[in-house]
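Notes follow the structure.
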Amino acid sequence: MRQFVYLCVKQITMTQKHDLLDIPHLIYVMDPMCSWCYGFSPVIHRIMEEQEGKLQYKLVMGGLRPGTEKPLEPQMKEAIKHHWEDVAKITDLPFDYSFFERDNFVYDTEPACRAVVTMRYLEADAEMQMAKAVQEAFYAKNQDVTNPDVLAAIASGLGVAEEAFLEKFNTAEVQEKTQQDFIIARHIQATAFPSLYLLNGTNIHLLSRGYRPYDSLNLLLQKALQEINYQG
């Protein structure tokens, strides 16, 4: 766990370092190209809105399929489509199924993850918005979010110039920081996305591994907060 805190501290400012150890944090592990993370988006945003001013949060890119080089095969397309249909049924979120008409699509999630990390360092307050915007672009609009130019256009909608975004996105620093996120996710055993944890000092509590509806998740969060005797 000390290693986890160290890795987190490496990715935040010194001002936030004090907060990370002294204020409970929600640690949200996700991938913008994970369909269940897309389905979970309204849940986590509601939790964060309700806990604003009480808890801090840290977004960690889990890396669903980083570095994938082979195009999707028909069997994998069908499996992914079933996941999309399941998420749509449970959440009523929109999906553009014309995605499955794409030929030779390489489902590499590293660029989308790196785009969120890039925003973390350019406009930290918009990091979560960037994750959501990438999700919506991919799932609801069938945009190719493995393409840096598409990601830059999304960032421009959040107030970051495309040139500035691409310059930062392509740095070795941001590539390394993205890989560090993947390491953190593995270290805390986030084997399914989305995963949500409560970090209290150097102690971490698993709240949910995989999708969970709001009512169920909120009960788990309140129980965890009671266990650490946190008043907020």
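Here's how to read the names in the structure tokens: chain A, B, ... by the order shown, residue numbers from 1 in each chain, ligand numbers from 1 in the order shown.
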Could you give me the residues within region 32-188 of chain A that DSSP places in strand (DSSP E or B), as a PyMOL selection string?
chain A and resi 56-61+71+106
Alpha helix (DSSP H) residues, from DSSP on the backbone, in region 67-136 of chain A, as an NGL selection string
:A and (74-91 or 110-122 or 127-136)
Residue neighbourhood Ala115 (chain A), 12 Å, only C-alpha atoms, exclusion window fewer than 6 positions, as a PDB file with N, CA, C and O atoms, in the first residue's frame:
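This is the output file around-v6.pdb:
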```pdb
ATOM      1  N   ASP A  31     -11.601   2.870 -17.798  1.00  0.00           N
ATOM      2  CA  ASP A  31     -11.018   3.029 -19.123  1.00  0.00           C
ATOM      3  C   ASP A  31     -12.095   3.653 -19.993  1.00  0.00           C
ATOM      4  O   ASP A  31     -13.237   3.176 -19.996  1.00  0.00           O
ATOM      5  N   PRO A  32     -11.791   4.729 -20.720  1.00  0.00           N
ATOM      6  CA  PRO A  32     -12.818   5.387 -21.529  1.00  0.00           C
ATOM      7  C   PRO A  32     -13.437   4.498 -22.602  1.00  0.00           C
ATOM      8  O   PRO A  32     -14.527   4.783 -23.088  1.00  0.00           O
ATOM      9  N   MET A  33     -12.751   3.407 -22.966  1.00  0.00           N
ATOM     10  CA  MET A  33     -13.277   2.502 -23.987  1.00  0.00           C
ATOM     11  C   MET A  33     -13.803   1.200 -23.373  1.00  0.00           C
ATOM     12  O   MET A  33     -13.871   0.173 -24.039  1.00  0.00           O
ATOM     13  N   MET A  61      -6.468   5.562 -14.805  1.00  0.00           N
ATOM     14  CA  MET A  61      -6.733   4.849 -16.048  1.00  0.00           C
ATOM     15  C   MET A  61      -6.303   3.388 -15.892  1.00  0.00           C
ATOM     16  O   MET A  61      -5.144   3.111 -15.583  1.00  0.00           O
ATOM     17  N   THR A 109      -6.797   0.876 -26.378  1.00  0.00           N
ATOM     18  CA  THR A 109      -7.371   1.858 -25.462  1.00  0.00           C
ATOM     19  C   THR A 109      -6.330   2.809 -24.874  1.00  0.00           C
ATOM     20  O   THR A 109      -6.683   3.730 -24.140  1.00  0.00           O
ATOM     21  N   TYR A 121      -2.957  17.083 -16.711  1.00  0.00           N
ATOM     22  CA  TYR A 121      -1.819  17.984 -16.564  1.00  0.00           C
ATOM     23  C   TYR A 121      -2.018  19.325 -17.259  1.00  0.00           C
ATOM     24  O   TYR A 121      -1.305  20.287 -16.962  1.00  0.00           O
ATOM     25  N   LEU A 122      -2.977  19.404 -18.142  1.00  0.00           N
ATOM     26  CA  LEU A 122      -3.256  20.672 -18.809  1.00  0.00           C
ATOM     27  C   LEU A 122      -4.362  21.455 -18.121  1.00  0.00           C
ATOM     28  O   LEU A 122      -4.295  22.686 -18.008  1.00  0.00           O
ATOM     29  N   GLU A 123      -5.397  20.755 -17.698  1.00  0.00           N
ATOM     30  CA  GLU A 123      -6.573  21.394 -17.088  1.00  0.00           C
ATOM     31  C   GLU A 123      -7.190  20.386 -16.116  1.00  0.00           C
ATOM     32  O   GLU A 123      -8.157  19.700 -16.445  1.00  0.00           O
ATOM     33  N   ALA A 126     -10.825  19.580 -15.515  1.00  0.00           N
ATOM     34  CA  ALA A 126     -11.602  19.016 -16.627  1.00  0.00           C
ATOM     35  C   ALA A 126     -11.259  17.547 -16.900  1.00  0.00           C
ATOM     36  O   ALA A 126     -11.736  16.988 -17.884  1.00  0.00           O
ATOM     37  N   GLU A 127     -10.462  16.944 -16.039  1.00  0.00           N
ATOM     38  CA  GLU A 127     -10.041  15.556 -16.268  1.00  0.00           C
ATOM     39  C   GLU A 127     -11.233  14.605 -16.359  1.00  0.00           C
ATOM     40  O   GLU A 127     -11.337  13.785 -17.286  1.00  0.00           O
ATOM     41  N   MET A 128     -12.138  14.696 -15.399  1.00  0.00           N
ATOM     42  CA  MET A 128     -13.301  13.814 -15.395  1.00  0.00           C
ATOM     43  C   MET A 128     -14.221  14.134 -16.574  1.00  0.00           C
ATOM     44  O   MET A 128     -14.805  13.231 -17.179  1.00  0.00           O
ATOM     45  N   GLN A 129     -14.330  15.390 -16.926  1.00  0.00           N
ATOM     46  CA  GLN A 129     -15.138  15.786 -18.090  1.00  0.00           C
ATOM     47  C   GLN A 129     -14.550  15.203 -19.371  1.00  0.00           C
ATOM     48  O   GLN A 129     -15.287  14.796 -20.270  1.00  0.00           O
ATOM     49  N   MET A 130     -13.223  15.162 -19.441  1.00  0.00           N
ATOM     50  CA  MET A 130     -12.568  14.603 -20.617  1.00  0.00           C
ATOM     51  C   MET A 130     -12.880  13.124 -20.738  1.00  0.00           C
ATOM     52  O   MET A 130     -13.195  12.634 -21.838  1.00  0.00           O
ATOM     53  N   ALA A 131     -12.814  12.411 -19.630  1.00  0.00           N
ATOM     54  CA  ALA A 131     -13.135  10.983 -19.661  1.00  0.00           C
ATOM     55  C   ALA A 131     -14.557  10.761 -20.166  1.00  0.00           C
ATOM     56  O   ALA A 131     -14.807   9.900 -21.021  1.00  0.00           O
ATOM     57  N   LYS A 132     -15.483  11.557 -19.653  1.00  0.00           N
ATOM     58  CA  LYS A 132     -16.878  11.435 -20.060  1.00  0.00           C
ATOM     59  C   LYS A 132     -17.064  11.795 -21.525  1.00  0.00           C
ATOM     60  O   LYS A 132     -17.804  11.124 -22.260  1.00  0.00           O
ATOM     61  N   ALA A 133     -16.393  12.845 -21.966  1.00  0.00           N
ATOM     62  CA  ALA A 133     -16.528  13.287 -23.360  1.00  0.00           C
ATOM     63  C   ALA A 133     -15.969  12.244 -24.332  1.00  0.00           C
ATOM     64  O   ALA A 133     -16.538  12.022 -25.410  1.00  0.00           O
ATOM     65  N   VAL A 134     -14.870  11.598 -23.961  1.00  0.00           N
ATOM     66  CA  VAL A 134     -14.306  10.539 -24.803  1.00  0.00           C
ATOM     67  C   VAL A 134     -15.261   9.357 -24.864  1.00  0.00           C
ATOM     68  O   VAL A 134     -15.484   8.768 -25.934  1.00  0.00           O
ATOM     69  N   GLN A 135     -15.848   9.013 -23.738  1.00  0.00           N
ATOM     70  CA  GLN A 135     -16.837   7.928 -23.709  1.00  0.00           C
ATOM     71  C   GLN A 135     -17.999   8.224 -24.653  1.00  0.00           C
ATOM     72  O   GLN A 135     -18.406   7.373 -25.453  1.00  0.00           O
ATOM     73  N   VAL A 145     -11.760   7.205 -31.242  1.00  0.00           N
ATOM     74  CA  VAL A 145     -10.991   7.815 -30.153  1.00  0.00           C
ATOM     75  C   VAL A 145      -9.624   7.166 -29.971  1.00  0.00           C
ATOM     76  O   VAL A 145      -8.944   7.420 -28.970  1.00  0.00           O
ATOM     77  N   THR A 146      -9.208   6.357 -30.944  1.00  0.00           N
ATOM     78  CA  THR A 146      -7.804   5.929 -30.976  1.00  0.00           C
ATOM     79  C   THR A 146      -6.981   6.914 -31.800  1.00  0.00           C
ATOM     80  O   THR A 146      -5.757   6.811 -31.847  1.00  0.00           O
ATOM     81  N   ASN A 147      -7.666   7.864 -32.429  1.00  0.00           N
ATOM     82  CA  ASN A 147      -7.025   8.853 -33.292  1.00  0.00           C
ATOM     83  C   ASN A 147      -6.701  10.116 -32.484  1.00  0.00           C
ATOM     84  O   ASN A 147      -7.614  10.768 -31.967  1.00  0.00           O
ATOM     85  N   PRO A 148      -5.428  10.486 -32.357  1.00  0.00           N
ATOM     86  CA  PRO A 148      -5.067  11.673 -31.575  1.00  0.00           C
ATOM     87  C   PRO A 148      -5.770  12.954 -32.027  1.00  0.00           C
ATOM     88  O   PRO A 148      -6.102  13.806 -31.194  1.00  0.00           O
ATOM     89  N   ASP A 149      -6.011  13.098 -33.325  1.00  0.00           N
ATOM     90  CA  ASP A 149      -6.686  14.305 -33.810  1.00  0.00           C
ATOM     91  C   ASP A 149      -8.131  14.375 -33.314  1.00  0.00           C
ATOM     92  O   ASP A 149      -8.641  15.456 -33.010  1.00  0.00           O
ATOM     93  N   VAL A 150      -8.793  13.228 -33.247  1.00  0.00           N
ATOM     94  CA  VAL A 150     -10.157  13.178 -32.708  1.00  0.00           C
ATOM     95  C   VAL A 150     -10.132  13.548 -31.225  1.00  0.00           C
ATOM     96  O   VAL A 150     -10.978  14.314 -30.735  1.00  0.00           O
ATOM     97  N   LEU A 151      -9.160  13.027 -30.506  1.00  0.00           N
ATOM     98  CA  LEU A 151      -9.041  13.326 -29.074  1.00  0.00           C
ATOM     99  C   LEU A 151      -8.740  14.798 -28.847  1.00  0.00           C
ATOM    100  O   LEU A 151      -9.261  15.409 -27.912  1.00  0.00           O
ATOM    101  N   ALA A 152      -7.921  15.379 -29.723  1.00  0.00           N
ATOM    102  CA  ALA A 152      -7.613  16.811 -29.610  1.00  0.00           C
ATOM    103  C   ALA A 152      -8.857  17.656 -29.848  1.00  0.00           C
ATOM    104  O   ALA A 152      -9.066  18.676 -29.182  1.00  0.00           O
ATOM    105  N   ALA A 153      -9.689  17.237 -30.788  1.00  0.00           N
ATOM    106  CA  ALA A 153     -10.934  17.963 -31.046  1.00  0.00           C
ATOM    107  C   ALA A 153     -11.858  17.899 -29.838  1.00  0.00           C
ATOM    108  O   ALA A 153     -12.537  18.880 -29.508  1.00  0.00           O
ATOM    109  N   ILE A 154     -11.881  16.748 -29.175  1.00  0.00           N
ATOM    110  CA  ILE A 154     -12.691  16.613 -27.960  1.00  0.00           C
ATOM    111  C   ILE A 154     -12.157  17.555 -26.885  1.00  0.00           C
ATOM    112  O   ILE A 154     -12.926  18.243 -26.202  1.00  0.00           O
ATOM    113  N   ALA A 155     -10.846  17.605 -26.730  1.00  0.00           N
ATOM    114  CA  ALA A 155     -10.232  18.480 -25.728  1.00  0.00           C
ATOM    115  C   ALA A 155     -10.547  19.947 -26.008  1.00  0.00           C
ATOM    116  O   ALA A 155     -10.750  20.740 -25.082  1.00  0.00           O
ATOM    117  N   SER A 156     -10.604  20.308 -27.293  1.00  0.00           N
ATOM    118  CA  SER A 156     -10.895  21.705 -27.643  1.00  0.00           C
ATOM    119  C   SER A 156     -12.280  22.109 -27.167  1.00  0.00           C
ATOM    120  O   SER A 156     -12.521  23.276 -26.838  1.00  0.00           O
ATOM    121  N   VAL A 160      -9.294  23.473 -24.235  1.00  0.00           N
ATOM    122  CA  VAL A 160      -7.854  23.288 -24.446  1.00  0.00           C
ATOM    123  C   VAL A 160      -7.578  23.302 -25.946  1.00  0.00           C
ATOM    124  O   VAL A 160      -8.184  22.529 -26.699  1.00  0.00           O
ATOM    125  N   GLU A 162      -6.217  22.578 -29.532  1.00  0.00           N
ATOM    126  CA  GLU A 162      -5.813  21.301 -30.098  1.00  0.00           C
ATOM    127  C   GLU A 162      -4.291  21.171 -30.174  1.00  0.00           C
ATOM    128  O   GLU A 162      -3.728  20.106 -29.876  1.00  0.00           O
ATOM    129  N   PHE A 165      -2.888  20.516 -26.755  1.00  0.00           N
ATOM    130  CA  PHE A 165      -3.222  19.159 -26.329  1.00  0.00           C
ATOM    131  C   PHE A 165      -2.292  18.140 -26.979  1.00  0.00           C
ATOM    132  O   PHE A 165      -1.726  17.269 -26.305  1.00  0.00           O
ATOM    133  N   LEU A 166      -2.134  18.239 -28.305  1.00  0.00           N
ATOM    134  CA  LEU A 166      -1.311  17.257 -29.023  1.00  0.00           C
ATOM    135  C   LEU A 166       0.155  17.338 -28.613  1.00  0.00           C
ATOM    136  O   LEU A 166       0.837  16.306 -28.523  1.00  0.00           O
ATOM    137  N   GLU A 167       0.621  18.546 -28.353  1.00  0.00           N
ATOM    138  CA  GLU A 167       2.009  18.694 -27.920  1.00  0.00           C
ATOM    139  C   GLU A 167       2.250  17.940 -26.611  1.00  0.00           C
ATOM    140  O   GLU A 167       3.238  17.224 -26.465  1.00  0.00           O
ATOM    141  N   LYS A 168       1.324  18.090 -25.660  1.00  0.00           N
ATOM    142  CA  LYS A 168       1.456  17.409 -24.364  1.00  0.00           C
ATOM    143  C   LYS A 168       1.190  15.910 -24.507  1.00  0.00           C
ATOM    144  O   LYS A 168       1.897  15.078 -23.922  1.00  0.00           O
ATOM    145  N   PHE A 169       0.194  15.558 -25.287  1.00  0.00           N
ATOM    146  CA  PHE A 169      -0.210  14.164 -25.500  1.00  0.00           C
ATOM    147  C   PHE A 169       0.952  13.328 -26.028  1.00  0.00           C
ATOM    148  O   PHE A 169       1.107  12.162 -25.667  1.00  0.00           O
ATOM    149  N   ASN A 170       1.784  13.922 -26.864  1.00  0.00           N
ATOM    150  CA  ASN A 170       2.860  13.187 -27.521  1.00  0.00           C
ATOM    151  C   ASN A 170       4.170  13.163 -26.735  1.00  0.00           C
ATOM    152  O   ASN A 170       5.158  12.600 -27.212  1.00  0.00           O
ATOM    153  N   THR A 171       4.189  13.753 -25.554  1.00  0.00           N
ATOM    154  CA  THR A 171       5.427  13.770 -24.769  1.00  0.00           C
ATOM    155  C   THR A 171       5.683  12.420 -24.107  1.00  0.00           C
ATOM    156  O   THR A 171       4.754  11.680 -23.769  1.00  0.00           O
ATOM    157  N   VAL A 174       3.955  12.202 -20.549  1.00  0.00           N
ATOM    158  CA  VAL A 174       2.559  11.781 -20.432  1.00  0.00           C
ATOM    159  C   VAL A 174       2.407  10.290 -20.757  1.00  0.00           C
ATOM    160  O   VAL A 174       1.593   9.591 -20.142  1.00  0.00           O
ATOM    161  N   GLN A 175       3.197   9.803 -21.680  1.00  0.00           N
ATOM    162  CA  GLN A 175       3.174   8.368 -21.952  1.00  0.00           C
ATOM    163  C   GLN A 175       3.583   7.590 -20.708  1.00  0.00           C
ATOM    164  O   GLN A 175       2.975   6.566 -20.369  1.00  0.00           O
ATOM    165  N   LYS A 177       3.381   8.686 -17.543  1.00  0.00           N
ATOM    166  CA  LYS A 177       2.348   8.866 -16.517  1.00  0.00           C
ATOM    167  C   LYS A 177       1.156   7.936 -16.776  1.00  0.00           C
ATOM    168  O   LYS A 177       0.547   7.421 -15.843  1.00  0.00           O
ATOM    169  N   THR A 178       0.833   7.729 -18.044  1.00  0.00           N
ATOM    170  CA  THR A 178      -0.265   6.819 -18.385  1.00  0.00           C
ATOM    171  C   THR A 178       0.079   5.397 -17.973  1.00  0.00           C
ATOM    172  O   THR A 178      -0.753   4.677 -17.400  1.00  0.00           O
TER     173      THR A 178
END
```
Determine the nearest neighbour of Leu55 (chain A) from the options A:Glu78, A:Asp22, A:Asp96, A:Glu85, counting only C-alpha atoms.
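Looking only at the distances to Leu55 (chain A), the closest residue turns out to be A:Asp22.
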Near region 196-198 of chain A, within 6 Å and counting only C-alpha atoms, which residues show up once chain neighbours fewer than 2 positions away are dropped, as an MDAnalysis selection string?
chainID A and resid 25:28 204:208
Please produce a file of the residues just selected, as a PDB file, in the first residue's frame, where the atoms kept are C-alpha atoms.
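again.pdb, freshly written:
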```
ATOM      1  CA  HIS A  25     -10.362   9.902  -1.468  1.00  0.00           C
ATOM      2  CA  LEU A  26     -12.509   7.969  -3.893  1.00  0.00           C
ATOM      3  CA  ILE A  27     -10.175   6.159  -6.283  1.00  0.00           C
ATOM      4  CA  TYR A  28     -12.003   5.517  -9.537  1.00  0.00           C
ATOM      5  CA  ILE A 204      -7.717   1.311   0.896  1.00  0.00           C
ATOM      6  CA  HIS A 205     -11.201  -0.231   0.882  1.00  0.00           C
ATOM      7  CA  LEU A 206     -12.749  -1.853  -2.181  1.00  0.00           C
ATOM      8  CA  LEU A 207     -16.234  -0.458  -2.718  1.00  0.00           C
ATOM      9  CA  SER A 208     -17.069  -2.025  -6.061  1.00  0.00           C
TER      10      SER A 208
END
```
So which one's closest to Ala124 (chain A), A:Gly63, A:Trp84, A:Leu158, A:Phe40? Using only C-alpha atoms, please.
A:Leu158
Do you know which residues are at most 7 Å from region 101-108 of chain A counting only C-alpha atoms, after dropping those on the same chain fewer than 4 positions away, and could you put them as a PyMOL selection string?
chain A and resi 65-72+146
Output for the residues just chosen: N, CA, C and O atoms as a PDB file, in the first residue's frame:
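Output file out15.pdb follows:
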```pdb
ATOM      1  N   ARG A  65      -7.335  -2.429 -22.925  1.00  0.00           N
ATOM      2  CA  ARG A  65      -6.587  -3.127 -23.987  1.00  0.00           C
ATOM      3  C   ARG A  65      -5.472  -2.223 -24.526  1.00  0.00           C
ATOM      4  O   ARG A  65      -5.409  -1.938 -25.716  1.00  0.00           O
ATOM      5  N   PRO A  66      -4.582  -1.772 -23.664  1.00  0.00           N
ATOM      6  CA  PRO A  66      -3.531  -0.866 -24.147  1.00  0.00           C
ATOM      7  C   PRO A  66      -2.514  -1.597 -25.018  1.00  0.00           C
ATOM      8  O   PRO A  66      -2.102  -2.718 -24.719  1.00  0.00           O
ATOM      9  N   GLY A  67      -2.133  -0.965 -26.108  1.00  0.00           N
ATOM     10  CA  GLY A  67      -1.109  -1.541 -26.961  1.00  0.00           C
ATOM     11  C   GLY A  67      -1.582  -2.605 -27.926  1.00  0.00           C
ATOM     12  O   GLY A  67      -0.768  -3.219 -28.614  1.00  0.00           O
ATOM     13  N   THR A  68      -2.883  -2.821 -28.003  1.00  0.00           N
ATOM     14  CA  THR A  68      -3.419  -3.793 -28.950  1.00  0.00           C
ATOM     15  C   THR A  68      -3.042  -3.390 -30.377  1.00  0.00           C
ATOM     16  O   THR A  68      -3.150  -2.224 -30.747  1.00  0.00           O
ATOM     17  N   GLU A  69      -2.620  -4.354 -31.168  1.00  0.00           N
ATOM     18  CA  GLU A  69      -2.179  -4.056 -32.527  1.00  0.00           C
ATOM     19  C   GLU A  69      -3.015  -4.748 -33.599  1.00  0.00           C
ATOM     20  O   GLU A  69      -3.056  -4.286 -34.741  1.00  0.00           O
ATOM     21  N   LYS A  70      -3.707  -5.823 -33.253  1.00  0.00           N
ATOM     22  CA  LYS A  70      -4.478  -6.570 -34.241  1.00  0.00           C
ATOM     23  C   LYS A  70      -5.902  -6.030 -34.356  1.00  0.00           C
ATOM     24  O   LYS A  70      -6.525  -5.695 -33.345  1.00  0.00           O
ATOM     25  N   PRO A  71      -6.445  -5.945 -35.560  1.00  0.00           N
ATOM     26  CA  PRO A  71      -7.835  -5.505 -35.737  1.00  0.00           C
ATOM     27  C   PRO A  71      -8.815  -6.466 -35.072  1.00  0.00           C
ATOM     28  O   PRO A  71      -8.508  -7.650 -34.880  1.00  0.00           O
ATOM     29  N   LEU A  72      -9.970  -5.937 -34.723  1.00  0.00           N
ATOM     30  CA  LEU A  72     -11.012  -6.768 -34.118  1.00  0.00           C
ATOM     31  C   LEU A  72     -11.447  -7.868 -35.086  1.00  0.00           C
ATOM     32  O   LEU A  72     -11.723  -7.604 -36.259  1.00  0.00           O
ATOM     33  N   THR A 146      -9.208   6.357 -30.944  1.00  0.00           N
ATOM     34  CA  THR A 146      -7.804   5.929 -30.976  1.00  0.00           C
ATOM     35  C   THR A 146      -6.981   6.914 -31.800  1.00  0.00           C
ATOM     36  O   THR A 146      -5.757   6.811 -31.847  1.00  0.00           O
TER      37      THR A 146
END
```
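With distances restricted to only C-alpha atoms, A:Ile228 is the closest residue to Gly201 (chain A) from A:Ile90, A:Ile228, A:Leu64, A:Ile44.
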Contact residues around Thr91 (chain A) with only C-alpha atoms at 12 Å, ignoring same-chain residues under 5 positions, as a list of chain:residue names
A:Ser35, A:Trp36, A:Cys37, A:Tyr38, A:Gly39, A:Phe40, A:Ser41, A:Pro42, A:Val43, A:Trp84, A:Glu85, A:Asp86, A:Tyr211, A:Arg212, A:Pro213, A:Tyr214
Would you mind exporting N, CA and C atoms of the selected residues as a PDB file, in the first residue's frame?
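Final file, selection.pdb:
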```
ATOM      1  N   SER A  35     -17.150  -0.408 -21.929  1.00  0.00           N
ATOM      2  CA  SER A  35     -18.588  -0.124 -22.026  1.00  0.00           C
ATOM      3  C   SER A  35     -19.263  -0.055 -20.660  1.00  0.00           C
ATOM      4  N   TRP A  36     -18.820  -0.880 -19.724  1.00  0.00           N
ATOM      5  CA  TRP A  36     -19.441  -0.832 -18.395  1.00  0.00           C
ATOM      6  C   TRP A  36     -19.033   0.435 -17.641  1.00  0.00           C
ATOM      7  N   CYS A  37     -17.854   0.970 -17.952  1.00  0.00           N
ATOM      8  CA  CYS A  37     -17.456   2.264 -17.383  1.00  0.00           C
ATOM      9  C   CYS A  37     -18.351   3.375 -17.937  1.00  0.00           C
ATOM     10  N   TYR A  38     -18.666   3.280 -19.218  1.00  0.00           N
ATOM     11  CA  TYR A  38     -19.596   4.222 -19.825  1.00  0.00           C
ATOM     12  C   TYR A  38     -20.950   4.133 -19.129  1.00  0.00           C
ATOM     13  N   GLY A  39     -21.419   2.930 -18.888  1.00  0.00           N
ATOM     14  CA  GLY A  39     -22.684   2.748 -18.194  1.00  0.00           C
ATOM     15  C   GLY A  39     -22.645   3.247 -16.761  1.00  0.00           C
ATOM     16  N   PHE A  40     -21.462   3.196 -16.156  1.00  0.00           N
ATOM     17  CA  PHE A  40     -21.285   3.591 -14.755  1.00  0.00           C
ATOM     18  C   PHE A  40     -21.147   5.101 -14.604  1.00  0.00           C
ATOM     19  N   SER A  41     -20.928   5.799 -15.711  1.00  0.00           N
ATOM     20  CA  SER A  41     -20.661   7.232 -15.659  1.00  0.00           C
ATOM     21  C   SER A  41     -21.725   8.031 -14.896  1.00  0.00           C
ATOM     22  N   PRO A  42     -23.029   7.825 -15.150  1.00  0.00           N
ATOM     23  CA  PRO A  42     -24.019   8.588 -14.380  1.00  0.00           C
ATOM     24  C   PRO A  42     -23.967   8.287 -12.887  1.00  0.00           C
ATOM     25  N   VAL A  43     -23.607   7.048 -12.536  1.00  0.00           N
ATOM     26  CA  VAL A  43     -23.532   6.650 -11.127  1.00  0.00           C
ATOM     27  C   VAL A  43     -22.386   7.375 -10.429  1.00  0.00           C
ATOM     28  N   TRP A  84     -22.346  -4.161 -25.103  1.00  0.00           N
ATOM     29  CA  TRP A  84     -23.016  -2.884 -25.343  1.00  0.00           C
ATOM     30  C   TRP A  84     -24.526  -3.017 -25.143  1.00  0.00           C
ATOM     31  N   GLU A  85     -25.079  -4.086 -25.655  1.00  0.00           N
ATOM     32  CA  GLU A  85     -26.526  -4.305 -25.528  1.00  0.00           C
ATOM     33  C   GLU A  85     -26.924  -4.475 -24.070  1.00  0.00           C
ATOM     34  N   ASP A  86     -26.097  -5.162 -23.291  1.00  0.00           N
ATOM     35  CA  ASP A  86     -26.379  -5.344 -21.861  1.00  0.00           C
ATOM     36  C   ASP A  86     -26.334  -4.005 -21.127  1.00  0.00           C
ATOM     37  N   TYR A 211     -19.524  -2.984 -12.612  1.00  0.00           N
ATOM     38  CA  TYR A 211     -20.667  -2.057 -12.555  1.00  0.00           C
ATOM     39  C   TYR A 211     -21.544  -2.327 -11.340  1.00  0.00           C
ATOM     40  N   ARG A 212     -22.022  -1.245 -10.723  1.00  0.00           N
ATOM     41  CA  ARG A 212     -22.969  -1.352  -9.610  1.00  0.00           C
ATOM     42  C   ARG A 212     -23.918  -0.162  -9.687  1.00  0.00           C
ATOM     43  N   PRO A 213     -25.223  -0.376  -9.525  1.00  0.00           N
ATOM     44  CA  PRO A 213     -26.160   0.758  -9.575  1.00  0.00           C
ATOM     45  C   PRO A 213     -25.986   1.688  -8.382  1.00  0.00           C
ATOM     46  N   TYR A 214     -26.526   2.899  -8.517  1.00  0.00           N
ATOM     47  CA  TYR A 214     -26.316   3.936  -7.512  1.00  0.00           C
ATOM     48  C   TYR A 214     -26.722   3.510  -6.110  1.00  0.00           C
TER      49      TYR A 214
END
```
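Counting only C-alpha atoms and comparing A:Leu217, A:His82, A:Phe100, A:Gln180, the residue that lies closest to Ser195 (chain A) is A:Leu217.
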Just to confirm, what's the straight-line distance from CA of Asn229 (chain A) to CA of Asp125 (chain A) in Å (one decimal)?
28.4 Å
Of the candidates A:Ala137, A:Ile23, A:Met76, A:Leu225, which shows the shortest atom-to-atom distance to Tyr57 (chain A), using only C-alpha atoms?
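Residue with the minimum atom-to-atom distance to Tyr57 (chain A): A:Ile23.
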Could you tell me which of A:Ala161, A:Val87, A:Gln143, A:Asn203 comes closest to Met119 (chain A) if we count only C-alpha atoms?
A:Ala161
